[in-house]
Amino acid sequence: MSNDLDTELDTDETAIDPQETETINLITAVNRTLHQEMDRDESIRLLGYDIGPLGGVYRGTEGLLAEFGDKRVIDTPLSENGIIGTAVGMAMRGERPVPEIQFMGFFYPAFGQFMYAVVKMYKRTGGALELPMTIRIPYGGGVKALEYHQESTETYFIHTPGVRVICASTPAQTKGLLAASIRTVDPVIFLEPKKIYRGVDEPVPTAAYTLPLNKARIVQTGSDVTVLTWGAMVQQAQAAATDVDADVEIVDLRSLSPLDIETILDSVSKTGRCVVFHEARRTLGLGAELSALINEYALDRLKAPIKRATGYDVHFPGHDIEDDYLPDDDRVRYAIEAVMSYEF
Amino acid sequence: MSNDLDTELDTDETAIDPQETETINLITAVNRTLHQEMDRDESIRLLGYDIGPLGGVYRGTEGLLAEFGDKRVIDTPLSENGIIGTAVGMAMRGERPVPEIQFMGFFYPAFGQFMYAVVKMYKRTGGALELPMTIRIPYGGGVKALEYHQESTETYFIHTPGVRVICASTPAQTKGLLAASIRTVDPVIFLEPKKIYRGVDEPVPTAAYTLPLNKARIVQTGSDVTVLTWGAMVQQAQAAATDVDADVEIVDLRSLSPLDIETILDSVSKTGRCVVFHEARRTLGLGAELSALINEYALDRLKAPIKRATGYDVHFPGHDIEDDYLPDDDRVRYAIEAVMSYEF
Amino acid sequence: MAHEMWTEERPPEDFYRILDPNGELQTDPPELDEEELLKLYRTFIATRILEEKMLNMQRSGEVSLVARTLGEEATPLGCAAALQPDDWIFYTYRQTPALLYWKLPMVEVIASATGREPETIAEQVDTEDTPVNFSPDYTPIGTNVVNGVGAAMTDAFNDRDTVTMVFTGDGSTSQGAFHDGMNFAGVFDVPAVIVCQNNQWAISEPAHRQTGSETFAQKADAYGLPSARVDGNDVFAVYETARTAVERARSGNGATFIECVTYRMGAHNTSDNPNRYRDDSEQRAYWEDRDPVDRYETYLRDQGILEDDTEAELRDGINDQVDDAVERVRSISTSEPERMFDTILHGESWRERHQRAELHRELNDMNPFVDFTGEGFDE
Amino acid sequence: MAHEMWTEERPPEDFYRILDPNGELQTDPPELDEEELLKLYRTFIATRILEEKMLNMQRSGEVSLVARTLGEEATPLGCAAALQPDDWIFYTYRQTPALLYWKLPMVEVIASATGREPETIAEQVDTEDTPVNFSPDYTPIGTNVVNGVGAAMTDAFNDRDTVTMVFTGDGSTSQGAFHDGMNFAGVFDVPAVIVCQNNQWAISEPAHRQTGSETFAQKADAYGLPSARVDGNDVFAVYETARTAVERARSGNGATFIECVTYRMGAHNTSDNPNRYRDDSEQRAYWEDRDPVDRYETYLRDQGILEDDTEAELRDGINDQVDDAVERVRSISTSEPERMFDTILHGESWRERHQRAELHRELNDMNPFVDFTGEGFDE
Ligand SMILES: Cc1ncc(C[n+]2csc(CCOP(=O)(O)OP(=O)(O)O)c2C)c(N)n1
Ligand SMILES: Cc1ncc(C[n+]2csc(CCOP(=O)(O)OP(=O)(O)O)c2C)c(N)n1
Ligand SMILES: [Mg+2]
Ligand SMILES: [Mg+2]
């Protein structure tokens with residue numbers, strides 16, 4: 001068992017020294033992190049299709065082939081199950097593969113390897129074999145792409161024991177969380193909100209650092225209502241917060257599995273109201289679990305029902321109406337207003 | 001579009017004439033139903049491995065090969081994705097395939113076809129192509145079998161739009177629900193609680209009949225607390241109900257997707273207390289959605305938090321401790337007692 | 001920063017060929033009358049004009065994504081032409097000539113590239129029944145192979161003489177679904193023809209990164225299926241091979257796998273930039289010399305079947321047809337947002353009804369979250 | 001009610017064979033010294049005795065499920081014997097001889113059939129390092145093929161001369177995962193040997209229902225891998241073929257696929273009853289004549305390597321070893337229920353801590369649902 005696990009899980013965020021920073025977007029943060037981590041640790045290999053000469057359809061792996069060669073940046077045949085399954089084999093031999101799934105909607109053919117190997121190897125061996133691997137997956141809508149290019153089906157991962165599910169919401173978060181994911185001994189699904197790959201820049205420390213994999217982040221504190229969210233929705237929640245007549249606390253979950261339930265309960269116990277805000281379909285989207293947990297452990301603190309500002313229970317729709325599907329600052333604002341308006 | 005859809009969805013249960021019955025178990029009810037339906041409709045074909053000469057590892061298809069021949073009872077190569085994918089092709093050509101997945105834990109390699117074809121074809125064609133197919137899946141634990149032979153991962157199906165998820169809890173329910181599933185125009189995942197395949201017999205009408213696919217069943221009415229459950233847990237809930245100091249209402253959901261939310265809300269609004277009881281892991285098990293729905297639409301009726309008497313968030317454990325994992329009448333009784341004891 | 005490019009390998013050219021790159025016959029041409037020969041030509045040209053138009057529409061934002069057939073047209077065309085009415089085609093996104101040959105209205109082809117909600121297209125475009133049946137198009141690769149084989153299984157079981165043709169790419173052969181489809185095809189002796197349109201690229205991955213096998217054709221061995229390997233830029237060779245395979249299927253002798261060797265002249269689709277991963281200065285010239293349309297046109301002219309004025313007339317006709325189709329597409333309104341709830345399941349559930357109402361309210365500036373009782377909204 | 005049975009087809013026997021069913025050499029035997037020859041024999045016998053014992057334990061309820069190797073022993077044995085220390089084996093549930101050959105303690109073999117929680121076994125049985133490394137066993141078929149090939153990729157990338165051997169069944173070749181593993185093996189030239197232990201049955205499905213190909217060996221063509229097809233009941237032929245493949249792999253020339261033709265003499269496992277689907281009166285006699293142990297024993301006796309007293313001694317030794325192992329297994333306690341929460345993720349989450357406490361309370365007759373604040377229980 002890795003000794004520094006707890007360090008990676010529990011990084012002290014305030015200790016990160018932002019002396020030197022560069023202002024970059026989220027996909028560049030992914031690229032920088034992969035670069036730094038691969039430099040640091042020779043056992044890291046990237047696998048996926050279109051990650052080599054092309055540098056990834058979103059350019060996340062740009063330049064890495066030239067830097068590290070084709071034994072560490074491995075363009076594979078077009079099989080997601082093959083990618084995940086061979087990555088497992090590598091991790092079984094002590095390496096740290098970082099496979100990429102091009103779009104979340106193409107993960108499904110790999111579901112066999114995911115269920116049979118990724119999440120079960122550690123248990124199956126009674127702890128003898130650890131499986132450190134980080135599966136990078138761009139996810140989410142808002143990019144007017146073809147079917148299965150806009151999915152937000154993290155529920156399939158979250159319901160499954162044996163894997164961490166991490167999602168970053170800003171460039172700086174991405175760098176620290178991706179590095180921590182790669183360094184931890186558990187398999188990690190690392191979700192990248194591709195809608196904000198570009199367009200939102202922020203200063204990011206140039207040195208390597210990790211952020212905790214087990215702690216939600218309070219984006220802003222507030223006393224009236226808690227918004228639980230993650231990924232691309234975080235900034236929409238921030239936008240909505242400026243626009244409502246309520247003091248909004250925003251929690252960026254960061255770890256979707258396991259959840260930082262303490263932070264969640266603390267926040268809702270304080271505010272007494274909660275809105276969950278996510279892109280995924282509503283039925284059994286993570287909002288369901290959050291709502292159920294709060295109900296179980298903080299019912300008497302609730303001043304209003306928990307509302308879920310989410311996608312609808314439909315297939316991701318055509319381009320012409322995808323904006324009507326996607327939850328946005330308006331939708332979360334409505335939800336905040338609704339819970340604020342409620343009286344027992 | 002099928003005209004008799006609504007009939008299948010909405011069967012009037014009281015109209016079923018139980019003049020002639022036979023006392024059979026659940027797996028025999030499956031067998032009888034397949035037999036009768038195949039007799040009725042030539043476009044029904046069964047696909048799966050070990051369903052022909054062997055008659056299914058649980059004997060669900062026993063005798064059907066001899067009766068209907070190998071063009072209607074099709075032993076396939078050992079590929080779940082191939083089974084589901086070819087069944088889709090058949091349904092696209094106007095047939096009504098009834099593929100069997102031997103154990104729920106072996107569905108995972110078929111997740112590609114499930115997500116890409118089964119649940120999306122109707123939508124993808126803008127309604128031009130219906131996809132009537134019923135995927136039979138034995139599920140659940142309590143049989144001391146190998147890994148992946150005891151799974152209860154219905155969440156993966158329920159979170160996915162475009163498919164009905166039906167689960168039967170008794171032999172008579174099985175017959176009516178399976179017939180209705182086969183007759184409806186939507187794709188259906190038909191879950192069979194294999195733990196009670198044998199051992200629990202009841203009188204079942206010998207004539208064919210259907211039960212509604214869109215209505216939960218009130219197993220017993222009560223005024224203090226609602227237990228929401230399905231499958232093999234129903235009878236455990238009944239056992240627990242006799243053993244607690246509370247008037248328990250038991251709702252057998254039958255349709256896990258879409259949910260009969262009206263019946264659920266009515267019951268909990270009446271009792272003011274609710275326990276969800278299922279075998280699946282807790283995090284994002286269906287209990288989460290049920291709890292969230294009640295919170296959203298009946299919070300002010302709640303006299304206590306909703307508790308989830310479920311499996312734990314672990315891999316299904318070894319034989320020696322599986323009984324400690326599985327929710328049973330004790331666990332649901334504790335949950336009932338807990339919500340009864342609660343005071344705001 | 002150094003930039004790596006793929007080295008391309010040319011596949012062996014010891015394949016079946018009738019019409020060589022210069023438009024000269026190497027052996028007897030298929031028995032096709034003049035009308036049929038011109039129909040093939042017309043489909044070639046129609047494909048180029050239509051796809052060119054769609055490319056322009058993509059640039060101007062009218063359609064969202066276009067994957068062209070450029071340089072590969074002979075493969076889907078020759079294969080599709082070997083079918084008969086009532087047969088089936090399970091295609092991907094790179095078989096425009098097959099669609100046009102069997103009269104799928106251009107308006108549908110264009111409309112589906114707009115990314116509109118499918119019902120909108122279905123409702124606003126009068127979809128005519130095509131002589132040959134088409135599966136819907138689907139994005140996830142490999143999926144159609146299994147579905148097509150399943151469809152063909154029903155023909156086998158029902159003793160129908162319908163043939164199902166399935167198209168797949170070189171890259172797609174790596175998917176488990178390809179394996180499943182091929183394997184079931186072999187076990188159940190289905191009346192299907194499975195075509196690998198080997199354009200040597202899968203987005204940025206060259207064919208030699210997909211498989212260690214020298215040819216794609218030999219993949220059929222694994223399933224006990226006969227196979228053929230043809231010059232995919234020679235519409236005659238493709239047609240002849242497909243015709244034999246179709247006959248074999250129709251007469252109950254099972255499925256055939258055909259590798260058609262061609263080359264993707266352009267980008268994977270309009271969101272791709274091949275200059276990042278392939279240096280095709282050399283390859284391009286090589287494959288331009290082997291262009292499927294050029295050689296066919298040369299042949300037709302040599303035979304006196306095609307003359308300048310026939311060509312001009314034909315092009316005019318197609319241009320008009322394309323313009324009409326574009327007009328029709330432009331007249332399709334965007335979807336009603338509530339469409340997203342349609343054709344998911346039959347019958348209306350509580351959940352669907354409630355979420356429809358939520359969306360309706362949101363679109364009408366009413367708060368969609370104020371139902372606290374489950375009784376819905378009274379506006 | 002009429003009952004349908006499968007008709008069995010005998011696979012072609014034009015495979016590689018050294019030792020014929022009568023124990024006579026058809027060609028030169030492999031270069032193995034007497035010690036090694038006796039080690040093979042010993043492993044054969046140990047497998048039969050151990051599996052027989054486990055069958056009894058299953059009947060008496062001590063172990064929960066047993067899948068035997070009966071009649072197929074030469075395949076895993078000959079293959080495994082071709083490896084060197086530090087190599088890897090990715091196996092299924094039907095390679096007992098490979099485990100025993102490389103000294104996996106019998107107590108582990110038996111213990112894993114008890115269905116105990118894995119940590120319990122890991123903790124209570126001193127697992128020694130075996131000379132050859134074993135993957136864990138896993139139930140879902142096909143999975144190990146991809147994992148094994150991935151493992152071999154690391155050897156290729158690191159220029160190590162380790163060889164990975166992967167076992168798969170005839171039925172398992174139908175899985176997409178098999179396709180993936182084979183395909184990656186071909187593309188990345190991995191140092192692996194993939195063995196198809198074709199025992200002609202997959203539970204109730206005969207091999208001719210798995211694939212339309214005449215042999216399994218030819219499946220390698222699809223991936224550009226060399227293949228061999230051998231008499232899987234001839235330990236010499238299996239060994240020789242595997243040895244060549246292992247050398248090929250070790251010297252950096254890539255993977256080989258080997259089909260070993262054998263026959264499943266018994267049930268799929270202890271929960272199966274083959275009389276329901278195969279009428280093996282005729283087949284059984286045929287394959288009994290080809291038994292791998294009989295022919296090998298005949299050979300050893302003919303060579304004067306094995307005598308009655310050596311055999312008796314060896315059997316006694318094995319019996320003792322098995323008895324010891326059984327005793328050790330009997331001494332393993334059942335698992336602490338809380339074990340189910342172990343080795344899922346590192347570090348303890350709120351959820352895990354809370355659910356552990358719930359279980360603890362339930363086991364101690366305390367209500368596990370009375371935490372209404374999330375602060376846990378104070379007993
Ligand atoms: C399951 C799945 N994985 C990945 C993709 C993304 N993708 C779309 S097309 C394509 C390449 C396909 O290559 P090929 O089969 O050769 O067809 P071509 O585009 O060359 O016609 C990829 C990887 C997809 N659509 N589906
Ligand atoms: C993915 C998956 N599907 C189904 C099963 C159930 N199953 C267990 S063994 C088996 C047959 C395997 O046959 P084969 O590969 O020939 O191996 P054999 O048992 O003959 O050694 C099946 C279907 C499984 N374990 N995994
Ligand atoms: Mg291609
Ligand atoms: Mg077998």
# chains A, B, ... in the order shown; residues from 1 in each chain; ligands from 1

$ residues_around --residues "Glu288 in chain D" --least-positions-apart "6" --cutoff "12 Å" --atoms "only C-alpha atoms" --output "list in words"
Pro21, Asn22, Leu70, Gly71, Glu72, Asn233, Thr262, Tyr263, Arg264, Met265, Gly266, Asp280, Ser281, Glu282, Asp294 and Arg295 of chain D

$ residues_around --residues "range 52-55 of chain C" --least-positions-apart "3" --cutoff "9 Å" --atoms "only C-alpha atoms" --output "PyMOL selection string"
chain C and resi 47-49+58-60+62-63+65-68+110+113+270+322-323+326

$ select_by_dssp --residues "range 25-266 of chain C" --states "alpha helix (DSSP H)" --output "ChimeraX atom specification"
/C:34-59,74-81,96-101,106-112,118-124,143-157,176-187,235-250

$ residues_near_ligand --ligand "ligand 3" --cutoff "6 Å" --atoms "only C-alpha atoms and all ligand atoms" --output "list in words"
Gly169, Asp170, Gly171, Asn198, Asn199, Gln200, Trp201 and Ala202 of chain C

$ closest_atom_pairs --of "chain A" --to "chain B" --cutoff "7 Å" --atoms "only C-alpha atoms" --output "tab-separated table"
residue	atom	partner	partner_atom	distance
A:Tyr108	CA	B:Gly112	CA	4.8
A:Pro109	CA	B:Gly112	CA	4.4
A:Phe111	CA	B:Tyr108	CA	5.5
A:Gly112	CA	B:Pro109	CA	4.4
A:Tyr156	CA	B:Tyr156	CA	5.9
A:His159	CA	B:Leu284	CA	5.4
A:Pro161	CA	B:Val314	CA	5.5
A:Thr283	CA	B:His159	CA	5.8
A:Leu284	CA	B:Glu289	CA	5.4
A:Leu286	CA	B:Leu284	CA	6.9
A:Ala288	CA	B:Glu289	CA	4.8
A:Glu289	CA	B:Ala288	CA	4.8
A:Ser291	CA	B:Ala292	CA	5.2
A:Ala292	CA	B:Ser291	CA	5.2
A:Asn295	CA	B:Pro305	CA	5.6
A:Glu296	CA	B:Pro305	CA	5.2
A:Leu299	CA	B:Pro305	CA	6.0
A:Asp300	CA	B:Phe344	CA	6.4
A:Pro305	CA	B:Glu296	CA	5.2
A:Ile306	CA	B:Glu296	CA	5.9
A:Lys307	CA	B:Glu296	CA	6.2
A:Asp313	CA	B:Pro161	CA	6.1
A:Val314	CA	B:Pro161	CA	5.5
A:His315	CA	B:Pro161	CA	6.4
A:Phe344	CA	B:Asp300	CA	6.4

$ select_by_dssp --residues "range 80-238 of chain D" --states "strand (DSSP E)" --output "list in words"
Trp88, Ile89, Phe90, Asn133, Phe134, Thr164, Met165, Val166, Phe167, Thr168, Gly169, Ala192, Val193, Ile194, Val195, Cys196, Gln197, Asn198, Trp201, Ala202, Glu205, Pro206, Ser227, Ala228, Arg229, Val230 and Asp231 of chain D

$ residues_around --residues "range 180-194 of chain B" --least-positions-apart "4" --cutoff "7 Å" --atoms "only C-alpha atoms" --output "PyMOL selection string"
(chain B and resi 2+5+8+118+130-140+163-168+176+210-211+213+231-232) or (chain C and resi 345-346)

$ closest_residue --among "C:Ala207, C:Ala255, C:Ala156, C:Ala242" --to "chain B" --atoms "only C-alpha atoms"
C:Ala156

$ closest_residue --among "B:Asp330, B:Asp266, B:Asp324, B:Asp247" --to "chain C" --atoms "only C-alpha atoms"
B:Asp266
